[in-house]
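Shown below: data_5.txt, with compact mmCIF, C-alpha atoms.
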```txt
# COMPACT_ATOMS: atom_id res chain seq x y z
CA HIS A 17 -10.25 -95.48 -217.72
CA GLN A 18 -6.64 -94.44 -217.73
CA LYS A 19 -5.77 -91.93 -220.42
CA ALA A 20 -2.21 -92.28 -221.68
CA CYS A 21 -0.30 -90.02 -224.00
CA THR A 22 1.90 -91.14 -226.83
CA ASP A 23 5.50 -91.95 -225.96
CA THR A 24 7.57 -89.09 -227.30
CA ASP A 25 11.14 -90.28 -226.82
CA ASP A 26 11.80 -89.57 -230.50
CA VAL A 27 10.08 -86.19 -230.48
CA ALA A 28 12.28 -83.13 -230.10
CA PRO A 29 11.48 -81.18 -226.94
CA LEU A 30 9.51 -78.01 -227.43
CA GLU A 31 11.37 -74.77 -226.97
CA ARG A 32 10.30 -72.72 -223.98
CA ALA A 33 11.66 -69.53 -222.57
CA SER A 34 12.86 -69.28 -218.99
CA PRO A 35 10.03 -68.62 -216.53
CA PRO A 36 9.20 -65.01 -215.69
CA ALA A 37 9.85 -63.65 -212.22
CA SER A 38 6.45 -64.89 -211.04
CA PRO A 39 3.17 -66.13 -212.45
CA LEU A 40 1.66 -63.05 -210.82
CA ALA A 41 3.47 -61.00 -213.43
CA SER A 42 1.54 -62.83 -216.16
CA PRO A 43 -1.61 -64.32 -214.63
CA ARG A 44 -2.82 -65.45 -218.04
CA ALA A 45 0.35 -67.42 -218.66
CA GLU A 46 -0.01 -70.23 -221.17
CA SER A 47 -0.93 -73.54 -219.60
CA THR A 48 1.34 -76.50 -220.27
CA ALA A 49 -1.04 -78.85 -218.46
CA SER A 50 -2.29 -82.11 -219.90
CA ALA A 51 -4.79 -84.46 -218.31
CA GLU A 52 -3.03 -87.45 -219.81
CA TYR A 53 -0.43 -89.44 -217.91
CA HIS A 54 2.73 -91.05 -219.24
CA PRO A 55 2.05 -94.56 -220.67
CA SER A 56 4.30 -96.09 -218.00
CA SER A 57 2.86 -94.08 -215.13
CA ALA A 58 0.83 -95.85 -212.49
CA LEU A 59 -1.09 -92.68 -211.66
CA GLY A 60 -3.72 -93.19 -214.35
CA ALA A 61 -5.15 -96.09 -212.39
CA ALA A 62 -4.01 -95.03 -208.91
CA PRO A 63 -6.76 -94.49 -206.32
CA GLY A 64 -7.53 -90.84 -205.70
CA TYR A 65 -6.04 -89.56 -208.94
CA LEU A 66 -7.82 -87.85 -211.79
CA PHE A 67 -9.03 -90.91 -213.66
CA SER A 68 -9.72 -93.18 -210.71
CA LEU A 69 -11.94 -91.13 -208.43
CA THR A 70 -14.80 -92.71 -206.55
CA GLU A 71 -18.06 -90.81 -206.54
CA PRO A 72 -17.51 -89.51 -202.97
CA GLN A 73 -14.01 -88.34 -203.94
CA ARG A 74 -15.39 -86.63 -207.03
CA GLU A 75 -17.94 -84.82 -204.88
CA LYS A 76 -15.24 -83.69 -202.46
CA LEU A 77 -13.15 -82.34 -205.34
CA HIS A 78 -16.16 -80.49 -206.73
CA ASP A 79 -16.87 -79.06 -203.27
CA LEU A 80 -13.26 -77.93 -202.82
CA MET A 81 -13.07 -76.29 -206.25
CA ALA A 82 -16.38 -74.50 -205.65
CA ARG A 83 -15.19 -73.19 -202.27
CA CYS A 84 -11.91 -72.01 -203.81
CA GLU A 85 -13.81 -70.16 -206.51
CA GLY A 86 -16.13 -68.65 -203.91
CA GLU A 87 -13.14 -67.33 -201.94
CA GLY A 88 -11.34 -66.05 -205.02
CA LEU A 89 -8.52 -68.61 -204.74
CA VAL A 90 -7.31 -68.84 -208.32
CA LEU A 91 -5.65 -72.24 -208.48
CA SER A 92 -5.10 -72.04 -212.23
CA ARG A 93 -2.57 -69.23 -211.77
CA TRP A 94 -0.26 -71.59 -209.92
CA ALA A 95 -1.31 -74.94 -211.36
CA ASN A 96 -0.60 -73.79 -214.91
CA TRP A 97 2.82 -72.62 -213.78
CA ALA A 98 3.65 -76.15 -212.66
CA GLY A 99 2.14 -77.82 -215.73
CA GLU A 100 -0.89 -79.30 -213.99
CA LEU A 101 -4.62 -78.76 -214.09
CA PRO A 102 -6.30 -76.89 -211.21
CA GLU A 103 -8.20 -80.08 -210.40
CA GLN A 104 -4.92 -81.97 -210.07
CA MET A 105 -3.64 -79.34 -207.68
CA GLY A 106 -6.83 -79.62 -205.64
CA LEU A 107 -6.53 -83.40 -205.58
CA ARG A 108 -2.96 -83.23 -204.27
CA PHE A 109 -4.09 -81.19 -201.28
CA LEU A 110 -7.13 -83.41 -200.72
CA ARG A 111 -5.06 -86.60 -200.70
CA ALA A 112 -2.53 -85.00 -198.36
CA ARG A 113 -5.31 -83.92 -196.00
CA ALA A 114 -7.10 -87.29 -195.88
CA TRP A 115 -9.91 -86.05 -198.16
CA VAL A 116 -11.18 -83.60 -195.56
CA VAL A 117 -12.33 -80.63 -197.64
CA ARG A 118 -12.08 -78.16 -194.78
CA ARG A 119 -8.46 -79.11 -194.11
CA ALA A 120 -7.52 -79.04 -197.80
CA LEU A 121 -9.12 -75.61 -198.21
CA HIS A 122 -7.25 -74.28 -195.19
CA ALA A 123 -3.97 -75.64 -196.58
CA LEU A 124 -4.64 -74.07 -199.98
CA ARG A 125 -5.40 -70.69 -198.42
CA HIS A 126 -2.10 -70.85 -196.56
CA ASP A 127 -0.21 -72.06 -199.63
CA LEU A 128 -1.50 -69.41 -202.04
CA ALA A 129 -0.93 -66.61 -199.53
CA TRP A 130 2.63 -67.87 -199.00
CA ARG A 131 3.29 -68.03 -202.72
CA SER A 132 1.98 -64.52 -203.34
CA LYS A 133 4.17 -63.02 -200.62
CA LEU A 134 7.31 -65.14 -200.72
CA THR A 135 7.91 -66.74 -204.08
CA LEU A 136 7.34 -63.44 -205.86
CA SER A 137 10.65 -62.24 -204.44
CA LEU A 138 12.41 -65.61 -204.61
CA ARG A 139 11.66 -66.11 -208.28
CA SER A 140 13.12 -62.72 -209.11
CA GLN A 141 16.47 -63.85 -207.69
CA GLU A 142 19.21 -66.16 -208.80
CA GLY A 143 19.90 -69.09 -206.50
CA PHE A 144 23.14 -67.71 -205.12
CA GLU A 145 21.35 -64.47 -204.24
CA SER A 146 18.70 -66.25 -202.18
CA ALA A 147 21.46 -68.27 -200.48
CA GLY A 148 23.26 -65.13 -199.37
CA VAL A 149 26.49 -66.41 -200.91
CA ARG A 150 29.00 -63.63 -201.52
CA ALA A 151 31.76 -64.05 -204.08
CA ASP A 152 33.66 -61.99 -206.64
CA SER A 153 31.37 -63.08 -209.47
CA PRO A 154 28.09 -64.95 -210.04
CA GLU A 155 30.10 -67.82 -211.47
CA GLU A 156 32.15 -68.14 -208.28
CA ALA A 157 28.99 -68.00 -206.17
CA CYS A 158 27.35 -70.73 -208.24
CA ALA A 159 30.52 -72.82 -208.02
CA ALA A 160 30.51 -72.46 -204.22
CA LEU A 161 26.91 -73.67 -204.03
CA SER A 162 27.58 -76.46 -206.51
CA GLU A 163 30.48 -77.74 -204.44
CA ASN A 164 29.10 -77.25 -200.94
CA TYR A 165 25.31 -77.56 -201.40
CA PRO A 166 24.80 -79.72 -204.51
CA VAL A 167 21.22 -80.24 -205.65
CA TRP A 168 20.41 -80.84 -209.29
CA VAL A 169 17.91 -82.37 -211.73
CA GLU A 170 19.20 -84.88 -214.24
CA GLY A 171 17.26 -87.15 -216.58
CA HIS A 172 13.97 -88.89 -215.86
CA ASP A 173 12.82 -92.25 -214.59
CA ARG A 174 10.84 -94.84 -216.54
CA GLU A 175 7.60 -92.98 -215.78
CA GLY A 176 8.92 -89.70 -217.15
CA ARG A 177 9.43 -88.14 -213.72
CA PRO A 178 12.43 -85.81 -213.27
CA VAL A 179 15.18 -87.27 -211.11
CA VAL A 180 16.45 -84.98 -208.35
CA TYR A 181 19.88 -85.69 -206.86
CA LYS A 182 20.70 -84.48 -203.36
CA PRO A 183 24.06 -85.80 -202.10
CA PHE A 184 23.42 -84.31 -198.69
CA GLY A 185 26.47 -86.05 -197.29
CA GLN A 186 28.45 -83.48 -199.29
CA TRP A 187 26.58 -80.50 -197.90
CA ASN A 188 29.15 -78.27 -196.21
CA MET A 189 26.93 -75.53 -194.90
CA ASP A 190 29.56 -74.47 -192.41
CA VAL A 191 31.85 -73.62 -195.35
CA LEU A 192 29.14 -71.51 -196.99
CA CYS A 193 28.55 -69.67 -193.71
CA ASN A 194 32.16 -69.20 -192.66
CA GLU A 195 33.77 -68.52 -196.02
CA PHE A 196 30.99 -67.12 -198.22
CA GLY A 197 28.84 -65.07 -195.85
CA ALA A 198 25.75 -67.27 -195.85
CA SER A 199 23.67 -68.07 -192.76
CA PRO A 200 21.33 -70.91 -191.75
CA ALA A 201 18.40 -68.61 -192.58
CA SER A 202 19.71 -67.71 -196.04
CA LEU A 203 20.50 -71.36 -196.79
CA GLY A 204 16.91 -72.17 -195.84
CA ALA A 205 15.79 -69.52 -198.34
CA TYR A 206 17.98 -71.14 -200.98
CA HIS A 207 16.35 -74.50 -200.25
CA THR A 208 12.97 -72.86 -200.84
CA TRP A 209 14.23 -71.34 -204.11
CA ALA A 210 15.62 -74.69 -205.28
CA THR A 211 12.52 -76.66 -204.31
CA ASP A 212 10.22 -74.14 -205.98
CA ARG A 213 12.24 -74.30 -209.18
CA ILE A 214 12.25 -78.11 -209.19
CA MET A 215 8.57 -78.50 -208.41
CA ASN A 216 7.40 -75.83 -210.83
CA HIS A 217 9.89 -75.13 -213.60
CA HIS A 218 11.29 -78.66 -213.99
CA LEU A 219 7.93 -80.43 -213.64
CA SER A 220 6.41 -78.03 -216.15
CA GLN A 221 9.28 -78.67 -218.55
CA ALA A 222 8.82 -82.43 -218.13
CA SER A 223 5.10 -82.16 -218.84
CA ARG A 224 5.66 -79.97 -221.86
CA LYS A 225 8.47 -82.10 -223.28
CA SER A 226 6.56 -85.38 -222.96
CA HIS A 227 3.10 -83.92 -223.71
CA CYS A 228 1.95 -85.75 -220.57
CA SER A 229 0.95 -84.80 -217.06
CA VAL A 230 4.03 -85.22 -214.87
CA GLU A 231 3.00 -84.56 -211.27
CA GLN A 232 5.84 -86.07 -209.31
CA VAL A 233 9.61 -86.27 -208.98
CA VAL A 234 11.98 -89.06 -207.98
CA CYS A 235 14.68 -88.19 -205.46
CA VAL A 236 18.06 -89.81 -204.88
CA LEU A 237 19.55 -88.75 -201.55
CA ASP A 238 23.16 -89.77 -200.94
CA ALA A 239 24.21 -89.82 -197.29
CA ALA A 240 27.85 -90.79 -197.90
CA SER A 241 30.20 -88.81 -195.60
CA LEU A 242 27.24 -87.15 -193.87
CA ARG A 243 28.17 -84.92 -190.93
CA TRP A 244 25.78 -84.06 -188.13
CA GLY A 245 23.90 -80.85 -188.91
CA PHE A 246 25.73 -80.49 -192.27
CA GLY A 247 28.57 -78.94 -190.29
CA LEU A 248 26.35 -76.34 -188.62
CA ARG A 249 25.65 -76.10 -184.91
CA SER A 250 23.46 -79.02 -183.90
CA LEU A 251 20.30 -76.99 -183.29
CA ASP A 252 20.73 -75.00 -186.52
CA GLY A 253 21.14 -78.19 -188.53
CA ILE A 254 18.11 -79.85 -186.94
CA ASN A 255 15.91 -76.77 -187.39
CA LEU A 256 16.97 -76.40 -191.02
CA THR A 257 16.18 -80.05 -191.75
CA ILE A 258 12.77 -79.81 -190.07
CA ALA A 259 12.03 -76.66 -192.07
CA MET A 260 12.85 -78.56 -195.28
CA VAL A 261 10.40 -81.33 -194.37
CA LYS A 262 7.72 -78.81 -193.41
CA LEU A 263 8.16 -76.89 -196.67
CA ASP A 264 7.41 -80.01 -198.71
CA ALA A 265 4.41 -80.95 -196.59
CA ASP A 266 2.85 -77.48 -196.57
CA HIS A 267 3.49 -76.34 -200.14
CA TYR A 268 4.40 -79.33 -202.30
CA PRO A 269 2.16 -82.15 -201.06
CA GLU A 270 2.06 -85.35 -203.06
CA ARG A 271 4.92 -84.24 -205.31
CA LEU A 272 7.19 -87.09 -204.24
CA GLY A 273 6.86 -90.18 -206.39
CA LYS A 274 9.73 -92.18 -204.91
CA MET A 275 12.78 -91.49 -202.78
CA PHE A 276 15.96 -93.54 -202.54
CA ILE A 277 18.23 -92.75 -199.60
CA ILE A 278 21.58 -94.45 -200.17
CA ASN A 279 24.89 -94.95 -198.37
CA VAL A 280 23.34 -94.39 -194.97
CA ASN A 281 25.62 -94.26 -191.95
CA PRO A 282 25.18 -93.95 -188.17
CA VAL A 283 24.89 -90.15 -188.45
CA PHE A 284 21.94 -90.57 -190.80
CA GLN A 285 20.32 -93.18 -188.56
CA ARG A 286 20.55 -90.79 -185.64
CA GLY A 287 18.97 -87.96 -187.62
CA TRP A 288 16.36 -90.20 -189.21
CA ALA A 289 15.05 -91.13 -185.77
CA ILE A 290 14.15 -87.44 -185.35
CA ILE A 291 13.07 -86.43 -188.85
CA SER A 292 10.95 -89.48 -189.67
CA ARG A 293 8.51 -88.45 -186.96
CA PHE A 294 7.60 -85.38 -189.03
CA LEU A 295 6.73 -87.44 -192.13
CA ASP A 296 3.21 -88.68 -192.80
CA LYS A 297 2.59 -92.37 -193.42
CA ASN A 298 2.09 -91.94 -197.16
CA THR A 299 5.45 -90.18 -197.55
CA ARG A 300 7.29 -92.76 -195.43
CA GLU A 301 5.96 -95.53 -197.66
CA LYS A 302 7.61 -93.88 -200.69
CA ILE A 303 11.07 -93.86 -199.09
CA ASN A 304 13.54 -96.70 -199.59
CA ILE A 305 16.78 -96.80 -197.56
CA TYR A 306 19.97 -98.63 -198.60
CA THR A 307 23.40 -98.99 -197.04
CA ASP A 308 25.78 -99.86 -199.88
CA LYS A 309 26.11 -99.81 -203.66
CA GLU A 310 25.53 -103.54 -203.91
CA SER A 311 22.01 -103.00 -202.58
CA TRP A 312 21.05 -99.70 -204.23
CA GLY A 313 22.85 -100.00 -207.58
CA PRO A 314 20.49 -102.53 -209.20
CA VAL A 315 17.46 -100.78 -207.70
CA LEU A 316 18.36 -97.39 -209.23
CA ARG A 317 19.15 -98.91 -212.61
CA GLU A 318 15.81 -100.69 -212.64
CA ALA A 319 13.75 -97.70 -211.45
CA ILE A 320 15.43 -95.00 -213.52
CA GLY A 321 17.07 -96.85 -216.38
CA LYS A 322 20.80 -97.00 -217.02
CA ASP A 323 20.57 -94.49 -219.86
CA GLN A 324 18.96 -91.86 -217.58
CA LEU A 325 20.78 -92.65 -214.34
CA SER A 326 23.68 -90.31 -213.54
CA VAL A 327 27.18 -91.67 -214.15
CA GLU A 328 27.88 -90.74 -210.52
CA TYR A 329 25.52 -93.53 -209.51
CA GLY A 330 26.35 -96.23 -212.03
CA GLY A 331 24.41 -95.02 -215.05
CA ASP A 332 25.34 -93.63 -218.46
CA HIS A 333 23.77 -90.15 -218.21
CA VAL A 334 26.35 -87.37 -218.17
CA TYR A 335 25.50 -84.07 -216.47
CA SER A 336 27.39 -80.87 -217.15
CA GLY A 337 27.17 -77.51 -215.45
CA TYR A 338 26.71 -76.37 -211.88
CA ARG A 339 25.00 -78.79 -209.53
CA ILE A 340 22.14 -76.40 -208.82
CA PRO A 341 18.55 -76.55 -210.14
```
Show me the file's structure as structure tokens.
Amino acid sequence: HQKACTDTDDVAPLERASPPASPLASPRAESTASAEYHPSSALGAAPGYLFSLTEPQREKLHDLMARCEGEGLVLSRWANWAGELPEQMGLRFLRARAWVVRRALHALRHDLAWRSKLTLSLRSQEGFESAGVRADSPEEACAALSENYPVWVEGHDREGRPVVYKPFGQWNMDVLCNEFGASPASLGAYHTWATDRIMNHHLSQASRKSHCSVEQVVCVLDAASLRWGFGLRSLDGINLTIAMVKLDADHYPERLGKMFIINVNPVFQRGWAIISRFLDKNTREKINIYTDKESWGPVLREAIGKDQLSVEYGGDHVYSGYRIP
């Protein structure tokens, strides 16, 4: 049966300090995980999730967890950081690898090794440092990223999932490279930093605030004014975009709840013909594409709620600060 937590809209959010440089620095970090899903979430009854496992799926999960333990892969160190149970982390990789235990185990080995080597350094940096942006002050560097590479988290949808806004039509990566000393490689590192912060810090905060298990995010991607390659050389732009897709598939599987791509133009259609080939069927089914406000406006208001939808997209929610995670 689905377990649902109590709606806590009237409960003040719990205070929590900023995350340390890395979970490795505090491997016994307090868990914020809850097995209970939000009352409005469909995951409690969704096939392949914690409360709706068939017996064969349950056996595969048990097998995977036993193999991880046998190899010394400590999932709890990373699962707790993101506000989920180790079993939920294992299930994400199993679903993403078609329930083949061997493939899920291989992916987890790769993921945990990557986290230990890479995110340890990334989490010790500020976003503008990972992006290689040079300015006279941290504030100016953050302002440059906010203006030319906006990505931010604002509000939550009706299922309690954080809403991530990526107006990638406003991404001027050529400006960051030419005027602020960044490079395609450093901007790729910043994307990793931002994604890691969204998928760990913000999901953990959402779980802790609602006292529910929040496993997924909702993304709004705005293609208005999109330029080919975000202003970079064609090959650099394509490679960066493919790296973004690969990052999500390799290290954040099954984190996407829903994606709305809005204001698409011919440049997007051209790029989509390339990028969509790198997306698995399950991910493609979560993506909805719209051309104009008349088509996407009502959809966003219904999915997110007018009170939580950003004023930039027809809602009432006001965001202040830099447009960085």
- Item | Polymer residues at most 8 Å from Val233 of chain A, only C-alpha atoms, same-chain spacing of 2 or more positions, as a PyMOL selection string | chain A and resi 177-180+215+219+231+235+271-274
- Query: Restricting the calculation to all atoms listed in the file, which member of A:Gln186, A:Asn194, A:Thr307, A:Asn96 is positioned closest to His217 of chain A?
  - Reply: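 That would be A:Asn96, the residue with the smallest distance to His217 of chain A.
The residue that comes closest to Gly185 of chain A, out of A:Glu87, A:Asp212, A:Asp296, A:Glu163 and on the basis of all atoms listed in the file, is A:Glu163.
Pairwise distance (atom CA of Gly321 of chain A, atom CA of Asp173 of chain A) equals 6.5 Å.
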- Correct to one decimal, the distance atom CA of Val149 of chain A-atom CA of Phe196 of chain A is 5.3 Å
- Note on the structure: Correct to one decimal, the distance atom CA of Ala123 of chain A-atom CA of Leu69 of chain A is 21.1 Å
